[in-house]
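Trainee: Data: protein13.csv, CSV, C-alpha atoms and all ligand atoms.
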chain,number,residue,atom,x,y,z
A,813,MET,CA,-43.5,-13.6,-125.9
A,814,LYS,CA,-39.8,-13.2,-125.1
A,815,THR,CA,-39.6,-14.2,-121.4
A,816,GLY,CA,-41.0,-16.8,-119.1
A,817,ALA,CA,-40.0,-20.5,-118.4
A,818,ILE,CA,-40.1,-22.7,-121.5
A,819,THR,CA,-40.1,-26.4,-120.8
A,820,ASN,CA,-40.8,-28.0,-124.1
A,821,PHE,CA,-37.5,-29.1,-125.9
A,822,ALA,CA,-38.6,-28.2,-129.4
A,823,GLU,CA,-39.5,-24.7,-128.3
A,824,ILE,CA,-36.4,-24.3,-126.2
A,825,ALA,CA,-34.1,-25.3,-129.1
A,826,ALA,CA,-36.0,-23.2,-131.6
A,827,ARG,CA,-35.7,-20.1,-129.4
A,828,GLU,CA,-32.1,-20.6,-128.5
A,829,ASP,CA,-31.2,-21.1,-132.2
A,830,GLU,CA,-33.1,-18.0,-133.1
A,831,PHE,CA,-31.6,-15.7,-130.4
A,832,GLN,CA,-28.2,-17.2,-129.6
A,833,LEU,CA,-25.1,-16.9,-131.9
A,834,ALA,CA,-24.6,-20.4,-133.5
A,835,THR,CA,-21.1,-21.0,-132.2
A,836,TYR,CA,-21.6,-24.5,-130.7
A,837,LYS,CA,-22.7,-27.8,-132.1
A,838,LYS,CA,-25.2,-28.8,-129.4
A,839,MET,CA,-26.5,-32.2,-128.2
A,840,LYS,CA,-30.2,-32.5,-128.8
A,841,LEU,CA,-31.3,-32.1,-125.2
A,842,ALA,CA,-32.0,-29.3,-122.8
A,843,ALA,CA,-30.5,-29.7,-119.4
A,844,ALA,CA,-32.9,-28.7,-116.6
A,845,GLN,CA,-31.6,-30.3,-113.4
A,846,GLY,CA,-28.6,-32.1,-112.1
A,847,ARG,CA,-27.6,-34.4,-109.2
A,848,GLY,CA,-24.2,-36.1,-108.9
A,849,ALA,CA,-23.2,-37.6,-112.2
A,850,TRP,CA,-26.7,-37.3,-113.7
A,851,ILE,CA,-28.6,-34.6,-115.5
A,852,GLU,CA,-32.3,-34.5,-116.2
A,853,THR,CA,-33.7,-32.9,-119.3
A,854,SER,CA,-36.6,-30.6,-119.8
A,855,GLU,CA,-38.6,-33.7,-120.9
A,856,GLY,CA,-37.7,-35.6,-117.7
A,857,GLU,CA,-35.1,-38.0,-119.3
A,858,ARG,CA,-32.0,-38.8,-117.2
A,859,PHE,CA,-28.5,-38.8,-118.7
A,860,LEU,CA,-25.4,-40.2,-117.1
A,861,ASP,CA,-22.9,-37.3,-117.5
A,862,LEU,CA,-19.3,-38.5,-118.0
A,863,TYR,CA,-18.3,-35.2,-119.5
A,864,GLY,CA,-19.1,-33.1,-116.5
A,865,GLY,CA,-20.2,-30.0,-118.5
A,866,HIS,CA,-16.7,-29.7,-120.0
A,867,ALA,CA,-14.8,-30.9,-116.9
A,868,VAL,CA,-16.5,-28.3,-114.7
A,869,ALA,CA,-18.8,-30.5,-112.5
A,870,ALA,CA,-15.9,-32.2,-110.5
A,871,THR,CA,-18.0,-32.3,-107.3
A,872,GLY,CA,-21.0,-33.6,-109.3
A,873,HIS,CA,-24.0,-31.5,-110.3
A,874,CYS,CA,-25.5,-29.5,-107.5
A,875,HIS,CA,-23.4,-30.9,-104.7
A,876,PRO,CA,-25.5,-30.1,-101.5
A,877,HIS,CA,-22.5,-28.6,-99.7
A,878,VAL,CA,-21.6,-26.3,-102.6
A,879,VAL,CA,-25.3,-25.3,-103.2
A,880,ALA,CA,-25.7,-24.5,-99.5
A,881,ALA,CA,-22.5,-22.4,-99.4
A,882,ILE,CA,-23.6,-20.4,-102.5
A,883,LYS,CA,-27.0,-19.8,-101.1
A,884,GLU,CA,-25.7,-18.7,-97.7
A,885,GLN,CA,-23.1,-16.3,-99.3
A,886,ALA,CA,-25.8,-14.9,-101.7
A,887,GLU,CA,-27.8,-13.8,-98.8
A,888,GLN,CA,-24.9,-12.1,-97.1
A,889,LEU,CA,-23.0,-10.3,-99.9
A,890,LEU,CA,-22.9,-11.2,-103.6
A,891,PHE,CA,-19.9,-9.1,-104.5
A,892,TYR,CA,-17.4,-6.6,-103.6
A,893,SER,CA,-14.1,-6.1,-105.5
A,894,ASN,CA,-10.5,-6.5,-104.2
A,895,LEU,CA,-10.5,-2.9,-102.9
A,896,VAL,CA,-11.8,-4.4,-99.7
A,897,TYR,CA,-10.8,-7.4,-97.6
A,898,SER,CA,-13.1,-10.4,-97.4
A,899,GLY,CA,-13.2,-13.3,-95.0
A,900,VAL,CA,-14.4,-15.8,-97.6
A,901,ARG,CA,-11.7,-14.6,-100.1
A,902,ALA,CA,-9.0,-15.0,-97.4
A,903,ARG,CA,-10.3,-18.6,-96.7
A,904,ALA,CA,-10.4,-19.5,-100.4
A,905,ALA,CA,-6.8,-18.3,-101.1
A,906,GLU,CA,-5.4,-19.9,-98.0
A,907,ARG,CA,-7.1,-23.3,-98.6
A,908,LEU,CA,-6.1,-23.3,-102.3
A,909,VAL,CA,-2.5,-22.6,-101.4
A,910,GLU,CA,-2.6,-25.3,-98.7
A,911,CYS,CA,-3.7,-27.9,-101.3
A,912,ALA,CA,-0.8,-26.9,-103.7
A,913,PRO,CA,2.8,-28.1,-103.5
A,914,ALA,CA,4.8,-26.3,-100.8
A,915,SER,CA,6.6,-23.8,-103.0
A,916,ILE,CA,3.3,-22.4,-104.2
A,917,THR,CA,2.3,-19.6,-101.8
A,918,LYS,CA,0.1,-17.1,-103.5
A,919,ALA,CA,-3.1,-17.0,-105.4
A,920,PHE,CA,-4.5,-14.4,-107.9
A,921,PHE,CA,-8.2,-14.8,-108.7
A,922,CYS,CA,-9.8,-14.2,-112.1
A,923,ASN,CA,-12.8,-15.5,-114.0
A,924,SER,CA,-11.9,-18.2,-116.5
A,925,GLY,CA,-9.1,-20.4,-117.8
A,926,THR,CA,-8.1,-18.2,-120.7
A,927,GLU,CA,-7.8,-15.2,-118.3
A,928,ALA,CA,-5.7,-17.3,-115.9
A,929,ASN,CA,-3.3,-18.1,-118.7
A,930,GLU,CA,-3.2,-14.5,-119.9
A,931,ASN,CA,-2.2,-13.4,-116.4
A,932,ALA,CA,0.3,-16.3,-116.0
A,933,MET,CA,2.1,-15.2,-119.2
A,934,ARG,CA,2.1,-11.6,-117.9
A,935,LEU,CA,3.5,-12.7,-114.6
A,936,ALA,CA,6.3,-14.5,-116.5
A,937,ARG,CA,7.1,-11.4,-118.6
A,938,MET,CA,7.1,-9.2,-115.6
A,939,ARG,CA,9.3,-11.5,-113.6
A,940,THR,CA,11.9,-12.1,-116.4
A,941,GLY,CA,11.7,-8.8,-118.4
A,942,ARG,CA,11.4,-11.0,-121.5
A,943,GLU,CA,8.5,-11.4,-124.0
A,944,GLY,CA,8.7,-14.8,-125.7
A,945,ILE,CA,6.5,-17.7,-124.7
A,946,ILE,CA,7.0,-21.3,-125.8
A,947,THR,CA,4.0,-23.6,-126.0
A,948,PHE,CA,3.4,-27.0,-127.5
A,949,THR,CA,1.9,-28.8,-130.5
A,950,GLY,CA,-1.6,-30.0,-129.4
A,951,GLY,CA,-1.9,-27.6,-126.5
A,952,PHE,CA,-5.1,-25.6,-125.8
A,953,HIS,CA,-4.9,-22.5,-123.6
A,954,GLY,CA,-8.1,-20.4,-124.4
A,955,ARG,CA,-9.5,-18.0,-126.9
A,956,THR,CA,-8.5,-14.5,-125.8
A,957,ALA,CA,-5.7,-12.8,-127.9
A,958,ASP,CA,-2.6,-14.0,-126.0
A,959,ALA,CA,-4.0,-17.4,-125.0
A,960,ILE,CA,-5.2,-18.3,-128.5
A,961,SER,CA,-1.8,-17.2,-129.9
A,962,ALA,CA,-0.3,-19.8,-127.5
A,963,THR,CA,-2.7,-22.5,-128.8
A,964,PHE,CA,-1.2,-24.6,-131.5
A,965,LEU,CA,-4.0,-27.2,-131.5
A,966,GLY,CA,-5.8,-27.4,-134.9
A,967,LYS,CA,-7.4,-24.3,-136.3
A,968,TYR,CA,-7.6,-22.3,-133.1
A,969,ARG,CA,-4.5,-20.1,-133.5
A,970,GLU,CA,-5.8,-19.0,-137.0
A,971,LEU,CA,-9.1,-17.9,-135.4
A,972,GLY,CA,-7.2,-15.5,-133.3
A,973,ARG,CA,-5.4,-13.6,-136.1
A,974,PRO,CA,-3.7,-11.2,-136.0
A,975,ASN,CA,-1.8,-13.2,-133.3
A,976,VAL,CA,0.2,-11.7,-130.5
A,977,PRO,CA,3.9,-11.8,-131.4
A,978,GLY,CA,6.6,-13.7,-129.5
A,979,HIS,CA,4.8,-17.1,-129.4
A,980,LEU,CA,6.9,-20.2,-130.4
A,981,CYS,CA,5.8,-23.8,-130.8
A,982,ALA,CA,7.8,-26.8,-129.6
A,983,GLU,CA,6.9,-30.5,-130.1
A,984,PHE,CA,5.1,-32.0,-127.0
A,985,GLY,CA,7.3,-34.6,-125.5
A,986,SER,CA,10.5,-33.5,-127.2
A,987,VAL,CA,13.0,-31.7,-125.0
A,988,GLU,CA,15.3,-31.1,-128.0
A,989,SER,CA,12.7,-29.0,-129.8
A,990,VAL,CA,12.4,-26.8,-126.7
A,991,GLU,CA,16.1,-26.5,-126.4
A,992,LYS,CA,16.3,-25.1,-129.9
A,993,LEU,CA,13.8,-22.4,-129.2
A,994,ALA,CA,14.7,-21.5,-125.6
A,995,ASP,CA,16.9,-18.4,-126.1
A,996,GLU,CA,17.3,-15.3,-123.9
A,997,ALA,CA,14.1,-13.7,-125.3
A,998,VAL,CA,11.9,-16.4,-123.8
A,999,ALA,CA,10.0,-15.7,-120.6
A,1000,ALA,CA,8.2,-19.0,-120.1
A,1001,LEU,CA,7.3,-22.4,-121.2
A,1002,LEU,CA,3.5,-22.9,-120.9
A,1003,LEU,CA,2.0,-26.4,-121.2
A,1004,GLU,CA,-1.0,-28.5,-120.4
A,1005,PRO,CA,0.8,-31.3,-118.6
A,1006,ILE,CA,-1.9,-33.7,-119.9
A,1007,GLN,CA,-3.1,-32.4,-123.2
A,1008,SER,CA,-6.8,-33.0,-123.0
A,1009,MET,CA,-8.4,-31.8,-126.2
A,1010,ALA,CA,-5.5,-33.2,-128.2
A,1011,GLY,CA,-6.7,-36.7,-127.1
A,1012,VAL,CA,-5.5,-37.0,-123.5
A,1013,ARG,CA,-1.8,-37.0,-124.4
A,1014,MET,CA,0.8,-37.4,-121.6
A,1015,ALA,CA,4.5,-37.3,-121.5
A,1016,ALA,CA,7.0,-39.4,-119.4
A,1017,PRO,CA,7.9,-37.9,-116.0
A,1018,GLU,CA,11.4,-37.3,-117.4
A,1019,PHE,CA,10.0,-34.8,-119.9
A,1020,TYR,CA,8.6,-32.5,-117.2
A,1021,ARG,CA,11.9,-32.9,-115.2
A,1022,CYS,CA,13.9,-31.8,-118.2
A,1023,LEU,CA,11.7,-28.8,-118.8
A,1024,ARG,CA,12.2,-27.8,-115.2
A,1025,GLU,CA,16.0,-28.1,-115.5
A,1026,LEU,CA,15.9,-26.2,-118.8
A,1027,CYS,CA,13.8,-23.4,-117.3
A,1028,ASP,CA,16.2,-23.1,-114.3
A,1029,ALA,CA,19.3,-23.1,-116.5
A,1030,ARG,CA,18.0,-20.5,-119.0
A,1031,GLY,CA,16.1,-18.2,-116.6
A,1032,MET,CA,12.6,-19.0,-117.9
A,1033,LEU,CA,9.5,-19.7,-115.9
A,1034,LEU,CA,7.6,-23.0,-116.1
A,1035,ILE,CA,3.8,-22.6,-116.3
A,1036,PHE,CA,1.4,-25.6,-116.0
A,1037,ASP,CA,-2.0,-25.0,-117.4
A,1038,GLU,CA,-4.0,-27.1,-115.0
A,1039,VAL,CA,-7.4,-25.7,-116.1
A,1040,GLN,CA,-8.4,-29.3,-116.7
A,1041,THR,CA,-5.9,-31.3,-114.6
A,1042,GLY,CA,-6.2,-29.2,-111.5
A,1043,VAL,CA,-8.6,-29.4,-108.5
A,1044,GLY,CA,-8.5,-33.2,-108.1
A,1045,ARG,CA,-9.1,-34.2,-111.6
A,1046,THR,CA,-6.1,-36.5,-111.8
A,1047,GLY,CA,-6.8,-38.1,-108.4
A,1048,GLU,CA,-4.4,-35.6,-106.7
A,1049,TRP,CA,-5.1,-32.0,-106.0
A,1050,PHE,CA,-2.8,-30.9,-108.8
A,1051,PHE,CA,-0.7,-32.6,-111.5
A,1052,ALA,CA,2.1,-30.4,-110.3
A,1053,GLY,CA,4.3,-32.2,-107.8
A,1054,SER,CA,2.8,-35.6,-108.6
A,1055,GLU,CA,4.7,-38.7,-109.4
A,1056,ALA,CA,3.5,-38.6,-113.0
A,1057,ALA,CA,5.0,-35.1,-113.2
A,1058,GLY,CA,8.3,-36.5,-112.0
A,1059,GLY,CA,7.8,-34.4,-108.8
A,1060,VAL,CA,8.1,-31.2,-110.8
A,1061,VAL,CA,6.5,-28.1,-109.4
A,1062,PRO,CA,6.1,-25.2,-111.9
A,1063,ASP,CA,6.5,-21.5,-111.1
A,1064,VAL,CA,2.8,-20.8,-112.0
A,1065,ILE,CA,-0.2,-23.1,-112.0
A,1066,THR,CA,-3.4,-21.9,-113.8
A,1067,LEU,CA,-6.8,-23.1,-112.8
A,1068,ALA,CA,-10.5,-22.7,-113.7
A,1069,LYS,CA,-13.2,-25.2,-114.7
A,1070,ALA,CA,-13.8,-27.3,-111.6
A,1071,LEU,CA,-12.6,-24.6,-109.2
A,1072,GLY,CA,-16.1,-23.2,-108.5
A,1073,SER,CA,-18.2,-26.3,-109.4
A,1074,GLY,CA,-19.9,-24.2,-112.1
A,1075,ILE,CA,-19.7,-20.7,-110.7
A,1076,PRO,CA,-17.1,-19.0,-113.1
A,1077,VAL,CA,-13.8,-18.6,-111.4
A,1078,GLY,CA,-10.1,-18.9,-112.5
A,1079,ALA,CA,-6.8,-18.6,-110.6
A,1080,CYS,CA,-3.1,-18.3,-111.0
A,1081,LEU,CA,-1.1,-19.9,-108.2
A,1082,THR,CA,2.5,-18.9,-107.9
A,1083,THR,CA,5.6,-18.7,-105.7
A,1084,ASP,CA,7.0,-16.0,-103.4
A,1085,GLU,CA,9.8,-15.5,-105.9
A,1086,VAL,CA,7.5,-14.7,-108.8
A,1087,ALA,CA,5.1,-12.7,-106.5
A,1088,GLY,CA,8.1,-10.5,-105.6
A,1089,ALA,CA,8.2,-9.1,-109.1
A,1090,ILE,CA,4.5,-7.9,-108.9
A,1091,LYS,CA,3.5,-4.5,-107.7
A,1092,GLU,CA,0.1,-3.0,-107.0
A,1093,ASN,CA,-2.1,-2.6,-110.0
A,1094,ASP,CA,0.1,-4.8,-112.3
A,1095,LEU,CA,-2.7,-7.4,-112.6
A,1096,GLY,CA,-6.4,-6.9,-112.0
A,1097,THR,CA,-10.0,-7.8,-112.9
A,1098,THR,CA,-13.3,-6.5,-111.5
A,1099,PHE,CA,-14.9,-9.8,-110.8
A,1100,GLY,CA,-11.9,-11.8,-109.6
A,1101,GLY,CA,-12.1,-12.8,-106.0
A,1102,GLY,CA,-15.8,-11.9,-105.7
A,1103,MET,CA,-17.6,-13.3,-102.7
A,1104,LEU,CA,-20.0,-15.7,-104.4
A,1105,ALA,CA,-17.1,-17.2,-106.5
A,1106,MET,CA,-15.0,-17.5,-103.4
A,1107,ALA,CA,-17.7,-19.3,-101.4
A,1108,ALA,CA,-17.9,-21.7,-104.3
A,1109,VAL,CA,-14.2,-22.3,-104.3
A,1110,CYS,CA,-14.1,-23.0,-100.5
A,1111,ALA,CA,-17.1,-25.3,-100.7
A,1112,THR,CA,-15.7,-27.1,-103.8
A,1113,LEU,CA,-12.4,-27.9,-102.0
A,1114,GLU,CA,-14.3,-28.9,-98.8
A,1115,ALA,CA,-16.6,-31.2,-100.8
A,1116,ILE,CA,-13.7,-32.9,-102.6
A,1117,GLU,CA,-11.9,-33.5,-99.3
A,1118,GLN,CA,-14.9,-34.4,-97.1
A,1119,ASP,CA,-16.3,-36.9,-99.6
A,1120,GLY,CA,-12.9,-38.5,-100.4
A,1121,MET,CA,-13.2,-37.7,-104.0
A,1122,LEU,CA,-9.4,-37.9,-104.7
A,1123,GLU,CA,-9.4,-41.5,-103.6
A,1124,ASN,CA,-12.6,-42.2,-105.5
A,1125,ALA,CA,-11.1,-40.8,-108.7
A,1126,ARG,CA,-8.1,-43.1,-108.4
A,1127,GLU,CA,-10.3,-46.1,-107.6
A,1128,ILE,CA,-12.7,-45.5,-110.5
A,1129,GLU,CA,-9.7,-45.1,-112.8
A,1130,ARG,CA,-8.4,-48.5,-111.7
A,1131,ARG,CA,-11.8,-50.1,-112.2
A,1132,LEU,CA,-12.3,-48.6,-115.6
A,1133,ARG,CA,-8.9,-49.7,-116.8
A,1134,GLU,CA,-9.6,-53.2,-115.6
A,1135,ARG,CA,-13.0,-53.4,-117.1
A,1136,LEU,CA,-11.8,-52.1,-120.5
A,1137,ALA,CA,-8.6,-54.3,-120.6
A,1138,ASP,CA,-10.3,-57.1,-122.5
A,1139,VAL,CA,-12.4,-55.0,-124.9
A,1140,PRO,CA,-10.9,-56.0,-128.3
A,1141,GLN,CA,-11.6,-52.6,-130.0
A,1142,VAL,CA,-9.8,-50.6,-127.2
A,1143,ALA,CA,-6.1,-50.1,-127.9
A,1144,ALA,CA,-5.3,-48.2,-124.6
A,1145,VAL,CA,-6.7,-46.0,-121.9
A,1146,ARG,CA,-4.8,-42.8,-121.6
A,1147,GLY,CA,-4.6,-40.2,-118.9
A,1148,ARG,CA,-4.7,-40.1,-115.1
A,1149,GLY,CA,-7.4,-40.1,-112.5
A,1150,LEU,CA,-10.7,-39.1,-114.1
A,1151,LEU,CA,-9.2,-37.3,-117.1
A,1152,LEU,CA,-9.2,-40.3,-119.3
A,1153,GLY,CA,-9.0,-41.0,-123.1
A,1154,VAL,CA,-10.3,-44.4,-124.3
A,1155,GLU,CA,-8.2,-45.0,-127.4
A,1156,PHE,CA,-9.8,-47.2,-130.0
A,1157,LYS,CA,-7.9,-49.1,-132.7
A,1158,ASP,CA,-9.9,-47.3,-135.3
A,1159,GLU,CA,-11.2,-43.8,-135.8
A,1160,ILE,CA,-14.6,-44.5,-134.3
A,1161,ALA,CA,-14.7,-42.1,-131.3
A,1162,ALA,CA,-17.3,-39.8,-132.8
A,1163,GLN,CA,-19.6,-42.7,-133.7
A,1164,VAL,CA,-19.2,-44.2,-130.3
A,1165,ASN,CA,-19.9,-40.8,-128.7
A,1166,LYS,CA,-23.1,-40.5,-130.7
A,1167,ALA,CA,-24.2,-44.1,-130.0
A,1168,LEU,CA,-23.6,-43.6,-126.3
A,1169,LEU,CA,-25.6,-40.4,-126.3
A,1170,GLU,CA,-28.5,-42.4,-127.9
A,1171,ARG,CA,-28.2,-44.6,-124.8
A,1172,ARG,CA,-28.3,-41.5,-122.6
A,1173,VAL,CA,-24.6,-41.5,-121.7
A,1174,ILE,CA,-22.7,-38.2,-122.3
A,1175,THR,CA,-19.0,-38.5,-123.2
A,1176,GLY,CA,-16.6,-36.2,-125.1
A,1177,THR,CA,-14.6,-36.5,-128.3
A,1178,SER,CA,-11.1,-34.9,-128.9
A,1179,SER,CA,-9.1,-33.8,-131.9
A,1180,ASP,CA,-7.8,-37.4,-132.2
A,1181,ALA,CA,-10.5,-39.3,-134.0
A,1182,ARG,CA,-9.6,-42.5,-132.1
A,1183,VAL,CA,-10.0,-41.1,-128.6
A,1184,LEU,CA,-13.2,-40.8,-126.6
A,1185,ARG,CA,-12.8,-38.5,-123.6
A,1186,LEU,CA,-14.2,-39.0,-120.2
A,1187,LEU,CA,-14.2,-36.2,-117.6
A,1188,PRO,CA,-16.8,-37.4,-115.1
A,1189,PRO,CA,-17.6,-35.9,-111.7
A,1190,LEU,CA,-15.0,-37.1,-109.2
A,1191,CYS,CA,-17.9,-38.6,-107.2
A,1192,VAL,CA,-18.9,-40.9,-110.0
A,1193,THR,CA,-19.7,-44.4,-108.6
A,1194,ARG,CA,-18.6,-47.9,-109.6
A,1195,GLU,CA,-22.1,-48.7,-110.7
A,1196,GLU,CA,-22.2,-45.7,-112.9
A,1197,ILE,CA,-18.9,-46.6,-114.5
A,1198,ASP,CA,-20.1,-50.2,-115.0
A,1199,LEU,CA,-23.2,-48.8,-116.7
A,1200,PHE,CA,-20.9,-46.9,-119.1
A,1201,VAL,CA,-18.8,-50.0,-119.8
A,1202,GLU,CA,-21.9,-52.2,-120.5
A,1203,SER,CA,-23.3,-49.5,-122.9
A,1204,LEU,CA,-19.9,-49.3,-124.6
A,1205,ARG,CA,-19.6,-53.1,-125.0
A,1206,ASN,CA,-23.1,-53.3,-126.5
A,1207,ILE,CA,-22.3,-50.6,-129.0
A,1208,LEU,CA,-19.0,-52.1,-130.0
B,1,LIG,C1,-6.4,-26.7,-120.8
B,1,LIG,C2,-7.3,-25.5,-121.0
B,1,LIG,N1,-6.8,-24.3,-120.8
B,1,LIG,C3,-7.6,-23.2,-120.9
B,1,LIG,C4,-8.9,-23.3,-121.3
B,1,LIG,C5,-9.8,-22.1,-121.4
B,1,LIG,O1,-10.6,-22.0,-120.3
B,1,LIG,P1,-11.9,-21.1,-120.4
B,1,LIG,O2,-12.8,-21.7,-121.4
B,1,LIG,O3,-12.5,-21.1,-119.0
B,1,LIG,O4,-11.5,-19.7,-120.7
B,1,LIG,C6,-9.5,-24.6,-121.5
B,1,LIG,C7,-10.9,-24.7,-121.9
B,1,LIG,O5,-11.3,-25.7,-122.4
B,1,LIG,C8,-8.6,-25.7,-121.3
B,1,LIG,O6,-9.1,-26.9,-121.5
Here is the file; what I need is its structure written in the form of structure tokens.

Mentor:
Amino acid sequence: MKTGAITNFAEIAAREDEFQLATYKKMKLAAAQGRGAWIETSEGERFLDLYGGHAVAATGHCHPHVVAAIKEQAEQLLFYSNLVYSGVRARAAERLVECAPASITKAFFCNSGTEANENAMRLARMRTGREGIITFTGGFHGRTADAISATFLGKYRELGRPNVPGHLCAEFGSVESVEKLADEAVAALLLEPIQSMAGVRMAAPEFYRCLRELCDARGMLLIFDEVQTGVGRTGEWFFAGSEAAGGVVPDVITLAKALGSGIPVGACLTTDEVAGAIKENDLGTTFGGGMLAMAAVCATLEAIEQDGMLENAREIERRLRERLADVPQVAAVRGRGLLLGVEFKDEIAAQVNKALLERRVITGTSSDARVLRLLPPLCVTREEIDLFVESLRNIL
């Protein structure tokens, strides 16, 4: 038997392992349902999800407004490409641009974070007529050819060999290292303004300001990869333009993950100035801007706004920082809003992550063995966060 609903965990795991390429180390559970910050397994066990399905479930699992919008759109029209106009696409682009800093005026829709970054680099090359791209140690930008060549975190770049030429690597946080590389062949600087997978690493606002000045002085574009930090994750719509960014607004912002609450969708947001360099057919993708994805984008932005999730993200961050302040094993809490890294004094993040999972709390690790990553839904409650803190204290 090859089809039909399977509900028993052992059978689900055996079948998936047999028929799916083994490219992921999986948790020993099968997710069957989700509501808010909780998922329920095939066996009816409930897990508190502070990882949000990889930072995707920003509005929580199955937010009723998002589910209703997807259902309604599915009954009207699932898809038509950009060869026709669409009311829901018009609304998604307008709303997204309204949420962004003032100089950001245009959206290009695609399907994932890696695709958004590929297109952002292409925009920069078209705008400047140059080919080089500077990215940073510890940054992650995706797994397609150009994006993986821009990824200097761990082993990823090697996996993408042969790499796309013209990629250069500067030291995250060091303006001097960028200055040395930034010659007239460089089209853009691309960075995760908060490096999530590297262990939630942030720089001082001055760093982002210096990058902006350097880009302006040397004719390069500045691209923020906000695939993780965007769409409310930091307690603001975008890291771009925030106080933590020193008020800096890049020329291009890339988005994905939370943007469709789980329906695959990515986007590049950019300025009139950059858009002026782009002609018909320069960029494209069949599925980008499809109606179902656009309905998910509109509903995601509405849910975040209507439920006050930006304020909630900031409040939960404050509470978590307070509650972890006197835990002796915790050295620091890194990050912003609900992209947080709990830094331990020792390299115990993987053990803590495992022990939390045994207590039915899902968290993430990072490439820094001291840092446990939290990317919960932006609607996570104080009680849910307190439950995490209690579990953590018990484990430690
Ligand atoms: C910062 C960042 N950029 C890009 C990507 C790639 O996004 P996707 O997996 O949607 O292609 C990721 C994925 O984890 C990411 O974290």

Trainee: For Ile916 of chain A, find every residue with an atom within 7 Å (counting all atoms listed in the file), except residues of its own chain fewer than 3 positions away, and show them as number ranges by chain.

Mentor: A: 909, 912-913, 1081-1083

Trainee: Selection from above, C-alpha atoms, as an mmCIF file, keeping the file's coordinate frame, can you write it?

Mentor:
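Generated file (again-v6.cif):
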data_model
loop_
_atom_site.group_PDB
_atom_site.id
_atom_site.type_symbol
_atom_site.label_atom_id
_atom_site.label_comp_id
_atom_site.auth_asym_id
_atom_site.auth_seq_id
_atom_site.Cartn_x
_atom_site.Cartn_y
_atom_site.Cartn_z
ATOM 1 C CA VAL A 909 -2.500 -22.600 -101.400
ATOM 2 C CA ALA A 912 -0.800 -26.900 -103.700
ATOM 3 C CA PRO A 913 2.800 -28.100 -103.500
ATOM 4 C CA LEU A 1081 -1.100 -19.900 -108.200
ATOM 5 C CA THR A 1082 2.500 -18.900 -107.900
ATOM 6 C CA THR A 1083 5.600 -18.700 -105.700
#

Trainee: Taking all atoms listed in the file into account, name the residue in A:Gly865, A:Gly1072, A:Gly1120, A:Pro977 that is nearest to Gly1101 of chain A.

Mentor: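 Smallest separation from Gly1101 of chain A among the options: A:Gly1072.
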
Trainee: Can you measure atom CA of Leu1190 of chain A to atom CA of Met1121 of chain A for me? One decimal in Å is fine.

Mentor: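 Atom CA of Met1121 of chain A lies at a distance of 5.5 Å from atom CA of Leu1190 of chain A.
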
Trainee: Taking only C-alpha atoms and all ligand atoms into account, report as a count of residues only which residues have an atom no farther than 10 Å from an atom of ligand LIG 1 (chain B).

Mentor: 43

Trainee: Give me the residues near segment 1093-1095 of chain A as a PyMOL selection string, where near means some atom within 9 Å (using all atoms listed in the file) and where sequence neighbours in that chain fewer than 5 positions away do not count.

Mentor: chain A and resi 920+931+934-935+938

Trainee: Find the distance between atom CA of Glu823 of chain A and atom CA of Ile851 of chain A and write it in Å to one decimal.

Mentor: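 These atoms are spaced 19.5 Å apart.
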
Trainee: Please list as number ranges by chain every residue within 12 Å of Ala914 of chain A, counting all atoms listed in the file and excluding residues in the same chain fewer than 6 positions away.

Mentor: A: 908, 1050, 1052-1053, 1059-1063, 1081-1084

Trainee: Which residue, A:Gly985, A:Val900, A:Thr949, A:Thr940, has the smallest gap to Glu884 of chain A when you use only C-alpha atoms?

Mentor: A:Val900

Trainee: Considering only C-alpha atoms, state which residue in the set A:Ala1167, A:Ala817, A:Val1183, A:Ile824 is at the smallest distance from Ser1203 of chain A.

Mentor: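 Of the candidates, the smallest distance to Ser1203 of chain A is held by A:Ala1167.
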
Trainee: What is the atom CA of Gly1058 of chain A-atom CA of Glu1025 of chain A distance in Å, reported with one decimal?

Mentor: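 For atom CA of Gly1058 of chain A relative to atom CA of Glu1025 of chain A, the distance reads 11.9 Å.
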
Trainee: For the contact check between segment 1135-1195 of chain A and segment 965-970 of chain A, emit one row per residue of segment 1135-1195 of chain A within 12 Å, containing the shortest atom pair and the distance in Å rounded to one decimal, counting all atoms listed in the file, chain then rising number order, as JSON lines.

Mentor:
{"residue": "A:Ser1178", "atom": "CA", "partner": "A:Leu965", "partner_atom": "CA", "distance": 10.8}
{"residue": "A:Ser1179", "atom": "CA", "partner": "A:Gly966", "partner_atom": "CA", "distance": 7.8}
{"residue": "A:Asp1180", "atom": "CA", "partner": "A:Gly966", "partner_atom": "CA", "distance": 10.5}

Trainee: Which is closer to Ala1000 of chain A than all the others in A:Val1173, A:Ala957, A:Ala1143, A:Val1064, using only C-alpha atoms?

Mentor: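 When distances to Ala1000 of chain A are compared using only C-alpha atoms, the smallest one comes from A:Val1064.
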
Trainee: What lies within 10 Å of Leu1168 of chain A using only C-alpha atoms, ignoring chain neighbours under 6 positions off, as a ChimeraX atom specification?

Mentor: /A:860,1162,1174-1175,1200,1203-1204,1206-1207

Trainee: I need the residue nearest Val1145 of chain A from this list: A:Arg1185, A:Arg1194, A:Arg1172, A:Arg1126. Use all atoms listed in the file for the distance.

Mentor: A:Arg1185

Trainee: Please identify all polymer residues lying at most 12 Å from the point (-17.3, -38.0, -99.3) (file coordinates), using all atoms listed in the file, and present the result as a list in words.

Mentor: Gly848, Thr871, Gly872, His875, Pro876, His877, Thr1112, Leu1113, Glu1114, Ala1115, Ile1116, Glu1117, Gln1118, Asp1119, Gly1120, Met1121, Leu1122, Glu1123, Asn1124, Ala1125, Leu1190, Cys1191, Val1192 and Thr1193 of chain A
